[in-house]
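For reference, structure.txt (compact mmCIF, C-alpha atoms):
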```
# COMPACT_ATOMS: atom_id res chain seq x y z
CA MET A 1 -114.57 -156.83 60.41
CA LEU A 2 -112.55 -157.60 63.49
CA ARG A 3 -109.34 -157.39 61.51
CA LYS A 4 -110.43 -154.09 60.05
CA ASN A 5 -111.16 -152.70 63.49
CA LEU A 6 -107.85 -154.00 64.71
CA HIS A 7 -106.06 -152.25 61.86
CA LEU A 8 -107.96 -149.05 62.49
CA SER A 9 -107.11 -149.08 66.16
CA LEU A 10 -103.48 -149.83 65.33
CA PHE A 11 -103.47 -146.93 62.93
CA LEU A 12 -104.92 -144.58 65.54
CA ALA A 13 -102.50 -145.85 68.15
CA TYR A 14 -99.64 -145.29 65.72
CA ASN A 15 -100.63 -141.73 64.92
CA PHE A 16 -101.28 -140.97 68.54
CA ALA A 17 -97.97 -142.44 69.63
CA MET A 18 -96.02 -140.82 66.80
CA ASN A 19 -97.38 -137.40 67.69
CA LYS A 20 -97.23 -138.00 71.37
CA ARG A 21 -93.56 -138.44 72.13
CA THR A 22 -90.32 -136.74 71.25
CA ASN A 23 -87.15 -138.83 71.24
CA GLU A 24 -86.37 -137.65 74.75
CA GLU A 25 -89.82 -138.63 75.94
CA TRP A 26 -89.50 -142.08 74.41
CA LEU A 27 -86.24 -142.59 76.25
CA ALA A 28 -87.61 -141.24 79.53
CA ASP A 29 -90.76 -143.39 79.35
CA LEU A 30 -88.91 -146.56 78.40
CA ARG A 31 -86.42 -146.03 81.20
CA ALA A 32 -89.09 -145.21 83.75
CA GLY A 33 -90.29 -148.72 84.54
CA GLY A 34 -93.80 -149.45 85.82
CA ASP A 35 -96.89 -148.28 83.96
CA GLN A 36 -95.03 -145.52 82.17
CA GLN A 37 -92.68 -148.03 80.58
CA ALA A 38 -95.46 -150.52 79.87
CA GLY A 39 -97.45 -147.83 78.08
CA ALA A 40 -94.48 -146.82 75.94
CA LEU A 41 -93.77 -150.44 75.06
CA GLU A 42 -97.41 -150.95 74.07
CA ASP A 43 -97.27 -147.88 71.81
CA LEU A 44 -94.00 -148.97 70.27
CA ARG A 45 -95.44 -152.40 69.66
CA ALA A 46 -98.39 -150.85 67.80
CA ILE A 47 -96.03 -148.73 65.71
CA ILE A 48 -93.97 -151.72 64.65
CA LEU A 49 -97.10 -153.74 63.88
CA ARG A 50 -98.28 -150.92 61.69
CA GLY A 51 -95.14 -150.85 59.54
CA LEU A 52 -93.44 -154.20 59.46
CA PRO A 53 -96.00 -156.70 58.08
CA TYR A 54 -96.58 -154.56 54.99
CA ALA A 55 -92.92 -153.83 54.43
CA ILE A 56 -92.17 -157.58 54.28
CA ALA A 57 -95.36 -158.41 52.35
CA GLY A 58 -93.33 -159.25 49.24
CA ARG A 59 -91.59 -162.00 51.20
CA LEU A 60 -94.49 -163.21 53.32
CA ASN A 61 -98.23 -162.64 52.84
CA PRO A 62 -99.26 -160.33 55.74
CA ASN A 63 -102.58 -162.16 56.15
CA SER A 64 -101.05 -165.63 56.49
CA PRO A 65 -100.68 -167.39 59.85
CA GLU A 66 -96.92 -167.68 59.20
CA SER A 67 -96.69 -163.92 58.92
CA GLU A 68 -98.67 -163.34 62.11
CA ALA A 69 -96.47 -165.79 64.02
CA LEU A 70 -93.27 -164.32 62.64
CA VAL A 71 -94.32 -160.74 63.27
CA GLU A 72 -95.38 -161.56 66.83
CA GLU A 73 -92.00 -163.18 67.52
CA VAL A 74 -90.13 -160.32 65.88
CA VAL A 75 -92.03 -157.67 67.83
CA GLN A 76 -91.26 -159.40 71.13
CA GLU A 77 -87.61 -159.65 70.21
CA THR A 78 -87.50 -156.04 69.03
CA LEU A 79 -88.99 -154.66 72.26
CA MET A 80 -86.46 -156.64 74.26
CA ARG A 81 -83.57 -155.40 72.14
CA VAL A 82 -84.82 -151.83 72.24
CA LEU A 83 -84.77 -151.89 76.05
CA GLU A 84 -81.42 -153.62 76.10
CA HIS A 85 -79.76 -151.19 73.68
CA LEU A 86 -81.51 -147.98 74.69
CA ASP A 87 -78.16 -146.40 75.59
CA THR A 88 -76.85 -146.86 72.05
CA PHE A 89 -79.58 -144.64 70.55
CA GLU A 90 -77.80 -141.43 69.61
CA GLY A 91 -80.77 -139.41 68.48
CA ARG A 92 -79.62 -139.20 64.87
CA SER A 93 -83.06 -140.24 63.67
CA GLN A 94 -86.57 -140.45 65.05
CA PHE A 95 -86.68 -142.97 67.85
CA THR A 96 -89.34 -144.95 65.99
CA THR A 97 -87.13 -145.27 62.88
CA TRP A 98 -84.38 -146.64 65.10
CA ALA A 99 -86.81 -149.18 66.56
CA HIS A 100 -88.08 -150.11 63.09
CA LYS A 101 -84.49 -150.75 62.03
CA ILE A 102 -84.11 -153.30 64.82
CA ALA A 103 -87.41 -154.95 63.86
CA VAL A 104 -86.45 -155.14 60.17
CA ARG A 105 -83.18 -156.84 60.95
CA ALA A 106 -84.83 -159.37 63.25
CA ALA A 107 -87.53 -160.13 60.66
CA LEU A 108 -85.17 -160.54 57.71
CA THR A 109 -82.76 -162.67 59.73
CA GLU A 110 -85.60 -165.07 60.47
CA LEU A 111 -86.93 -165.03 56.91
CA ARG A 112 -83.48 -165.79 55.51
CA ARG A 113 -82.95 -168.59 57.98
CA VAL A 114 -86.22 -170.24 56.93
CA ARG A 115 -85.70 -169.68 53.24
CA TRP A 116 -82.10 -170.96 53.06
CA ARG A 117 -82.13 -173.64 55.75
CA GLU A 118 -82.30 -176.52 53.26
CA VAL A 119 -79.68 -175.07 50.91
CA PRO A 120 -76.16 -176.40 51.41
CA LEU A 121 -73.18 -174.13 50.96
CA PRO A 122 -71.94 -174.68 47.40
CA GLU A 123 -68.78 -176.68 46.83
CA MET A 124 -65.81 -174.98 45.25
CA ASP A 125 -65.81 -175.79 41.54
CA MET A 126 -63.14 -173.49 40.20
CA ASN A 127 -60.17 -175.72 40.60
CA ASP A 128 -60.60 -177.83 37.47
CA ASP A 129 -57.61 -176.76 35.43
CA GLU A 130 -58.08 -179.20 32.62
CA ASP A 131 -61.24 -177.83 31.19
CA ASN A 132 -61.62 -178.82 27.57
CA SER A 133 -65.06 -177.42 27.02
CA TYR A 134 -63.69 -174.37 25.25
CA ARG A 135 -61.96 -176.43 22.61
CA GLU A 136 -64.89 -178.74 22.11
CA LEU A 137 -67.42 -175.99 21.91
CA PRO A 138 -66.60 -173.33 19.38
CA ASP A 139 -68.50 -170.20 20.27
CA ARG A 140 -70.04 -168.95 17.07
CA GLN A 141 -69.98 -165.37 18.23
CA ALA A 142 -66.44 -165.21 19.54
CA SER A 143 -63.38 -165.31 17.32
CA PRO A 144 -60.82 -168.07 18.02
CA GLU A 145 -58.50 -165.41 19.47
CA ASP A 146 -61.19 -164.23 21.88
CA GLN A 147 -61.82 -167.78 22.99
CA VAL A 148 -58.15 -168.32 23.72
CA ASP A 149 -58.06 -165.01 25.62
CA ARG A 150 -61.07 -165.98 27.66
CA LYS A 151 -59.75 -169.42 28.42
CA GLU A 152 -56.38 -168.07 29.46
CA MET A 153 -57.94 -165.35 31.56
CA MET A 154 -60.31 -167.77 33.25
CA LYS A 155 -57.35 -170.00 34.16
CA ARG A 156 -55.37 -167.05 35.37
CA VAL A 157 -58.17 -165.70 37.58
CA ASN A 158 -58.80 -169.18 38.97
CA ARG A 159 -55.13 -169.58 39.76
CA ILE A 160 -55.00 -166.23 41.50
CA ILE A 161 -58.05 -167.11 43.57
CA MET A 162 -56.49 -170.44 44.54
CA GLU A 163 -53.16 -168.87 45.44
CA GLU A 164 -54.30 -165.75 47.25
CA LEU A 165 -57.32 -166.83 49.27
CA THR A 166 -57.78 -169.14 52.21
CA ASP A 167 -60.19 -172.02 51.94
CA LYS A 168 -62.74 -170.12 54.01
CA GLN A 169 -62.41 -166.99 51.90
CA ARG A 170 -62.93 -169.01 48.72
CA LYS A 171 -66.00 -170.69 50.15
CA ALA A 172 -67.45 -167.35 51.20
CA LEU A 173 -66.74 -165.76 47.84
CA MET A 174 -68.25 -168.72 46.03
CA ALA A 175 -71.41 -168.69 48.18
CA VAL A 176 -72.04 -164.96 48.36
CA ALA A 177 -70.59 -163.40 45.23
CA MET A 178 -71.33 -166.26 42.87
CA GLN A 179 -74.38 -168.09 44.25
CA GLY A 180 -76.28 -165.24 45.84
CA PHE A 181 -76.18 -166.66 49.37
CA PRO A 182 -77.06 -164.09 52.06
CA LEU A 183 -73.93 -163.19 54.07
CA GLU A 184 -75.73 -164.04 57.26
CA GLU A 185 -76.52 -167.59 56.14
CA ALA A 186 -73.07 -168.17 54.67
CA ALA A 187 -71.60 -166.93 57.95
CA ARG A 188 -73.75 -169.30 59.99
CA ARG A 189 -72.52 -172.27 57.98
CA LEU A 190 -68.91 -171.14 58.15
CA GLY A 191 -69.10 -170.80 61.93
CA THR A 192 -68.74 -167.02 62.01
CA ASN A 193 -71.00 -163.97 62.01
CA ARG A 194 -72.07 -161.61 59.28
CA ASN A 195 -69.86 -158.70 60.31
CA ALA A 196 -66.75 -160.88 60.47
CA LEU A 197 -67.62 -162.48 57.14
CA TYR A 198 -67.95 -159.09 55.46
CA LYS A 199 -64.53 -158.11 56.81
CA MET A 200 -63.07 -161.40 55.60
CA MET A 201 -64.53 -160.93 52.15
CA HIS A 202 -63.34 -157.35 51.98
CA ASP A 203 -59.86 -158.56 52.81
CA ALA A 204 -60.19 -161.25 50.12
CA ARG A 205 -61.32 -158.74 47.51
CA LEU A 206 -58.43 -156.41 48.34
CA ARG A 207 -55.95 -159.28 48.05
CA LEU A 208 -57.28 -160.31 44.66
CA LYS A 209 -57.36 -156.76 43.40
CA LYS A 210 -53.77 -156.12 44.49
CA ARG A 211 -52.57 -159.35 42.95
CA LEU A 212 -54.19 -158.44 39.63
CA GLU A 213 -52.49 -155.05 39.85
CA LYS A 214 -49.17 -156.77 40.50
CA GLU A 215 -49.73 -158.75 37.32
CA GLY A 216 -50.41 -155.52 35.44
CA LEU A 217 -54.17 -155.96 35.22
CA THR A 218 -57.21 -154.10 36.50
CA PRO A 219 -60.51 -155.86 37.23
CA GLN A 220 -62.09 -153.78 34.45
CA GLU A 221 -59.57 -155.02 31.90
CA VAL A 222 -60.17 -158.65 32.86
CA LEU A 223 -63.89 -158.06 32.82
CA SER A 224 -63.74 -156.67 29.28
CA VAL A 225 -62.28 -159.96 28.04
CA PHE A 226 -65.41 -161.74 29.27
CA GLU A 227 -67.84 -159.08 28.27
CA GLN A 228 -66.79 -159.25 24.62
CA VAL A 229 -68.42 -162.65 24.46
CA GLY A 230 -71.65 -162.62 22.54
CA LYS A 231 -71.23 -159.06 21.28
CA MET F 1 -81.41 -201.09 10.34
CA LYS F 2 -84.00 -200.04 12.85
CA LEU F 3 -81.66 -200.85 15.71
CA ASN F 4 -78.98 -198.79 14.04
CA GLN F 5 -81.31 -195.80 13.77
CA LEU F 6 -82.37 -196.22 17.34
CA LEU F 7 -78.78 -196.34 18.55
CA GLN F 8 -77.89 -193.32 16.50
CA ARG F 9 -80.85 -191.44 17.86
CA LEU F 10 -80.00 -192.40 21.41
CA PHE F 11 -76.32 -191.59 21.20
CA GLY F 12 -76.90 -188.52 19.09
CA ALA F 13 -79.33 -187.18 21.68
CA LYS F 14 -76.99 -188.02 24.52
CA GLN F 15 -74.09 -186.28 22.83
CA LYS F 16 -76.18 -183.18 22.29
CA GLU F 17 -77.27 -183.22 25.89
CA THR F 18 -73.69 -183.51 27.15
CA LEU F 19 -72.63 -180.65 24.94
CA SER F 20 -75.45 -178.37 26.06
CA MET F 21 -74.72 -179.24 29.70
CA LYS F 22 -71.08 -178.32 29.18
CA ASN F 23 -72.08 -175.17 27.39
CA LYS F 24 -74.35 -174.22 30.27
CA MET F 25 -71.62 -174.88 32.81
CA GLN F 26 -69.20 -172.82 30.81
CA VAL F 27 -71.59 -169.89 30.64
CA GLN F 28 -72.29 -170.17 34.38
CA LYS F 29 -68.61 -170.24 35.15
CA SER F 30 -67.99 -167.20 33.04
CA GLU F 31 -70.87 -165.38 34.74
CA LYS F 32 -69.51 -166.25 38.19
CA ILE F 33 -66.08 -164.92 37.31
CA GLN F 34 -67.69 -161.77 35.99
CA LYS F 35 -69.57 -161.27 39.26
CA VAL F 36 -66.35 -161.58 41.23
CA LEU F 37 -64.57 -159.16 38.89
CA THR F 38 -67.38 -156.64 39.18
CA MET F 39 -67.07 -156.83 42.97
CA LEU F 40 -63.32 -156.37 42.66
CA SER F 41 -63.66 -153.31 40.48
CA ASN F 42 -66.01 -151.78 43.10
CA THR F 43 -63.75 -152.69 46.02
CA GLN F 44 -62.37 -149.79 48.06
CA GLU F 45 -59.40 -149.74 50.38
CA VAL F 46 -61.62 -148.54 53.24
CA GLU F 47 -65.12 -149.96 53.59
CA MET F 48 -67.62 -149.92 56.42
CA THR F 49 -68.62 -153.20 58.04
CA CYS F 50 -72.21 -154.44 58.45
CA ASP F 51 -72.31 -153.43 62.12
CA GLU F 52 -71.10 -149.90 61.38
CA VAL F 53 -73.67 -149.57 58.61
CA PHE F 54 -76.43 -150.90 60.86
CA ALA F 55 -75.59 -148.23 63.43
CA ALA F 56 -76.09 -145.52 60.80
CA LEU F 57 -78.96 -147.04 58.83
CA ASP F 58 -81.84 -145.20 60.56
CA GLN F 59 -80.16 -141.85 59.97
CA PHE F 60 -79.33 -142.79 56.38
CA ALA F 61 -82.92 -143.89 55.69
CA GLU F 62 -84.38 -140.64 57.00
CA LEU F 63 -81.89 -138.51 55.06
CA ALA F 64 -82.68 -140.44 51.87
CA ALA F 65 -86.44 -140.17 52.52
CA ARG F 66 -86.07 -136.40 52.82
CA GLY F 67 -84.34 -136.36 49.45
CA GLU F 68 -80.89 -135.44 50.81
CA ASP F 69 -77.80 -136.33 48.79
CA VAL F 70 -76.75 -139.44 50.72
CA SER F 71 -73.90 -140.22 48.29
CA ARG F 72 -72.24 -137.01 49.44
CA LEU F 73 -73.34 -137.10 53.09
CA MET F 74 -72.74 -140.78 53.86
CA PRO F 75 -70.68 -142.21 50.97
CA LEU F 76 -69.34 -145.18 52.92
CA VAL F 77 -72.82 -146.34 53.91
CA LYS F 78 -73.99 -145.93 50.34
CA HIS F 79 -71.03 -147.95 49.08
CA HIS F 80 -71.54 -150.74 51.61
CA LEU F 81 -75.19 -151.05 50.62
CA ALA F 82 -74.10 -151.59 47.02
CA MET F 83 -71.64 -154.30 48.09
CA CYS F 84 -73.64 -156.16 50.74
CA PRO F 85 -76.86 -157.93 49.73
CA ASP F 86 -78.03 -158.39 53.34
CA CYS F 87 -77.66 -154.74 54.33
CA GLN F 88 -79.12 -153.65 51.00
CA GLU F 89 -82.22 -155.79 51.61
CA GLU F 90 -82.65 -154.48 55.14
CA TYR F 91 -82.29 -150.92 53.93
CA ARG F 92 -84.96 -151.43 51.26
CA VAL F 93 -87.47 -152.70 53.84
CA LEU F 94 -86.65 -149.90 56.31
CA GLU F 95 -86.91 -147.37 53.49
CA SER F 96 -90.43 -148.53 52.65
CA ILE F 97 -91.48 -148.19 56.30
CA VAL F 98 -89.99 -144.71 56.60
CA LEU F 99 -91.54 -143.55 53.34
CA ASN F 100 -94.94 -144.83 54.44
CA ALA F 101 -94.64 -143.09 57.79
CA VAL F 102 -93.74 -139.73 56.23
```

Exercise: express the given structure as C-alpha cells:
Amino acid sequence: MLRKNLHLSLFLAYNFAMNKRTNEEWLADLRAGGDQQAGALEDLRAIILRGLPYAIAGRLNPNSPESEALVEEVVQETLMRVLEHLDTFEGRSQFTTWAHKIAVRAALTELRRVRWREVPLPEMDMNDDEDNSYRELPDRQASPEDQVDRKEMMKRVNRIIMEELTDKQRKALMAVAMQGFPLEEAARRLGTNRNALYKMMHDARLRLKKRLEKEGLTPQEVLSVFEQVGK
Amino acid sequence: MKLNQLLQRLFGAKQKETLSMKNKMQVQKSEKIQKVLTMLSNTQEVEMTCDEVFAALDQFAELAARGEDVSRLMPLVKHHLAMCPDCQEEYRVLESIVLNAV
C-alpha cells in the first residue's frame, strides 16, 4: 500500500515536473541555488526514479533491495553529475532525456562492474600454430579441400593478428570481440578507459583490414571460407 | 577378460571425450575468428568514439522515438551503436525510458 502510494506520488511528481519546466527553466532553476535549486533537484530525482528502475528491470528486479540500493546510489550520482555538467547541455533534446542518459550510464556501469568483477580477462589462445585437430577430426560436412582452406585461412588470420597488433590490442580484441566482455570492464583491467579502448580497437580493426587488403583479401572473402562449414 | 573390457571402455570413453573437447575448441575458435572478421567487414575509416556518441545519445534517442530516419540523420552514431556493445546497451535502456515517457 505504501509502495503503491509512493509510486503514485512519484508518477504525479513526474507529470507535474515534466509539464512544469522548459529546458531553459530547468537550467535556470538548477543554477539558481537555494530553494529553487533544491526543488528542481527533487523533481529531477522523482523523474529519474520513475524511469530508471523499470528500464533496468531485466537486469535487476526493481522490487529487490539490491535494486533500491543501486538506484539510490545512481540517482545521487546523477544529480551531482547533472549539476557539474550543466554547461555541456546543448538543448538538443529535452533536459530530462539528457538527465536520464546520465543516469542510465551510471546504472549500467555499476551493473557491469558487479556482474563481471569475478571474471578474469581471457588469455590469448590464438598463437598455437601446430594445431592438429583439423587432421584428426574429419568434418563430415566439409570436403577435404574446404578443410584445408579453413585451416590455412585460420593460420593466416592468426599470423596477421600476431604480426599487426600490439599485445594490448590483441587482449582487447580477444576479450571484447570474441568473449563478449563489456568494453568498460576490459578497459578497467587493461588500465585504460572505455573511450580510449574503443579508439585502440578501431585502430586495430583498421590495421587488420588494411593488411588483409594488402594480401589481396577482403574480410567478406575470408568469412565465406568459414561460413561454408556445415552448409 | 573383464579387465580388458573395462580398460577398453575406460580408454574408449576417454578418447571420445578428448575428441569432442577438441571438436568443441575448434568450433569455438572458428566462431571467434568469424566474429572478428564480421567486425572487420563493418569497420569504417572514420568512426565516432564512445564519448562522442554519449554526447549525442539523448538527441538520437528522441529522434528515433519520433520515428525519424536516424540512419540518414546520424549515421555515425548508428554505426557506433552497432559496433560497441556498451553504447548499444545504454541506448536500449535510454530508448525504453524515452518511449515510456512519450

Pick out the residues sitting within 10 Å of F:Val93, and hand them over as a list in words; count only C-alpha atoms, and ignore anything fewer than 5 positions along from it in its own chain.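 Neighbouring residues, sequence-local ones excluded: Gly51, Leu52, Tyr54, Ala55, Ile56, Ala57, Gly58, His100, Lys101, Val104, Arg105 and Leu108 of chain A; Gln88 and Val98 of chain F.
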
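Remark: for F:Leu94, the closest of the candidate residues A:Asn63, A:Thr109, A:Thr78, A:Thr97 is A:Thr97 (distances computed over all atoms listed in the file).
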
Which distance in Å separates atom CA of A:Leu49 and atom CA of A:Val74, to one decimal?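 Atom CA of A:Val74 lies 9.8 Å from atom CA of A:Leu49.
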
Could you please select, counting only C-alpha atoms, the residues of chain F within 6 Å of chain A and state them as a list of chain:residue names? F:Lys32, F:Leu37, F:Leu40, F:Ser41, F:Cys50, F:Asp58, F:Gln59, F:Asp86, F:Val93, F:Ile97

Padding of 8 Å on every side, edges along x, y and z, all listed atoms of stretch 34-53 of chain F included: what centre and edge lengths in Å, to one decimal, does that box have, as lines of an AutoDock Vina configuration file?
```
center_x = -66.5
center_y = -155.2
center_z = 49.1
size_x = 30.3
size_y = 29.2
size_z = 42.1
```

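Nearest to F:Leu81 of all the residues F:Gln8, F:Asn23, F:Gln34, F:Thr49 is F:Thr49, based on only C-alpha atoms.
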
Within 8 Å of F:Ala65, counting only C-alpha atoms, which residues show up once you throw out same-chain ones fewer than 2 positions away? Write them as a PyMOL selection string, please. chain F and resi 61-63+67-68+95+98-99

Hey, can you check how far atom CA of A:Glu73 sits from atom CA of A:Glu110?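 Here the two named atoms are 9.7 Å from each other.
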
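Interatomic distance, atom CA of A:Leu27 against atom CA of A:Leu70: 26.6 Å.
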
For a quick check of your reading of the model, name the residues lying within 12 Å of the coordinate (-93.5, -149.7, 78.9), counting all atoms listed in the file, and write them as a short mmCIF file (atom, residue, chain, number, x, y, z; two decimals) with C-alpha atoms, keeping the file's coordinate frame.
```cif
data_model
loop_
_atom_site.label_atom_id
_atom_site.label_comp_id
_atom_site.auth_asym_id
_atom_site.auth_seq_id
_atom_site.Cartn_x
_atom_site.Cartn_y
_atom_site.Cartn_z
CA TRP A 26 -89.50 -142.08 74.41
CA LEU A 27 -86.24 -142.59 76.25
CA ALA A 28 -87.61 -141.24 79.53
CA ASP A 29 -90.76 -143.39 79.35
CA LEU A 30 -88.91 -146.56 78.40
CA ARG A 31 -86.42 -146.03 81.20
CA ALA A 32 -89.09 -145.21 83.75
CA GLY A 33 -90.29 -148.72 84.54
CA GLY A 34 -93.80 -149.45 85.82
CA ASP A 35 -96.89 -148.28 83.96
CA GLN A 36 -95.03 -145.52 82.17
CA GLN A 37 -92.68 -148.03 80.58
CA ALA A 38 -95.46 -150.52 79.87
CA GLY A 39 -97.45 -147.83 78.08
CA ALA A 40 -94.48 -146.82 75.94
CA LEU A 41 -93.77 -150.44 75.06
CA GLU A 42 -97.41 -150.95 74.07
CA ASP A 43 -97.27 -147.88 71.81
CA LEU A 44 -94.00 -148.97 70.27
CA ARG A 45 -95.44 -152.40 69.66
CA LEU A 79 -88.99 -154.66 72.26
CA MET A 80 -86.46 -156.64 74.26
CA VAL A 82 -84.82 -151.83 72.24
CA LEU A 83 -84.77 -151.89 76.05
#
```

Considering only C-alpha atoms, return as a compact mmCIF listing (two decimals) with C-alpha atoms, in the frame of the given file whatever protein or nucleic-acid residues lie within 9 Å of F:Met74, sequence-local ones (same chain, fewer than 5 positions apart) excluded.
```
# COMPACT_ATOMS: atom_id res chain seq x y z
CA PHE F 60 -79.33 -142.79 56.38
CA ASP F 69 -77.80 -136.33 48.79
CA HIS F 79 -71.03 -147.95 49.08
```

Find the residue from F:Ala64, F:Val77, F:Val27, F:Leu57 that sits nearest to F:Tyr91; use only C-alpha atoms when measuring.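 Residue with the minimum atom-to-atom distance to F:Tyr91: F:Leu57.
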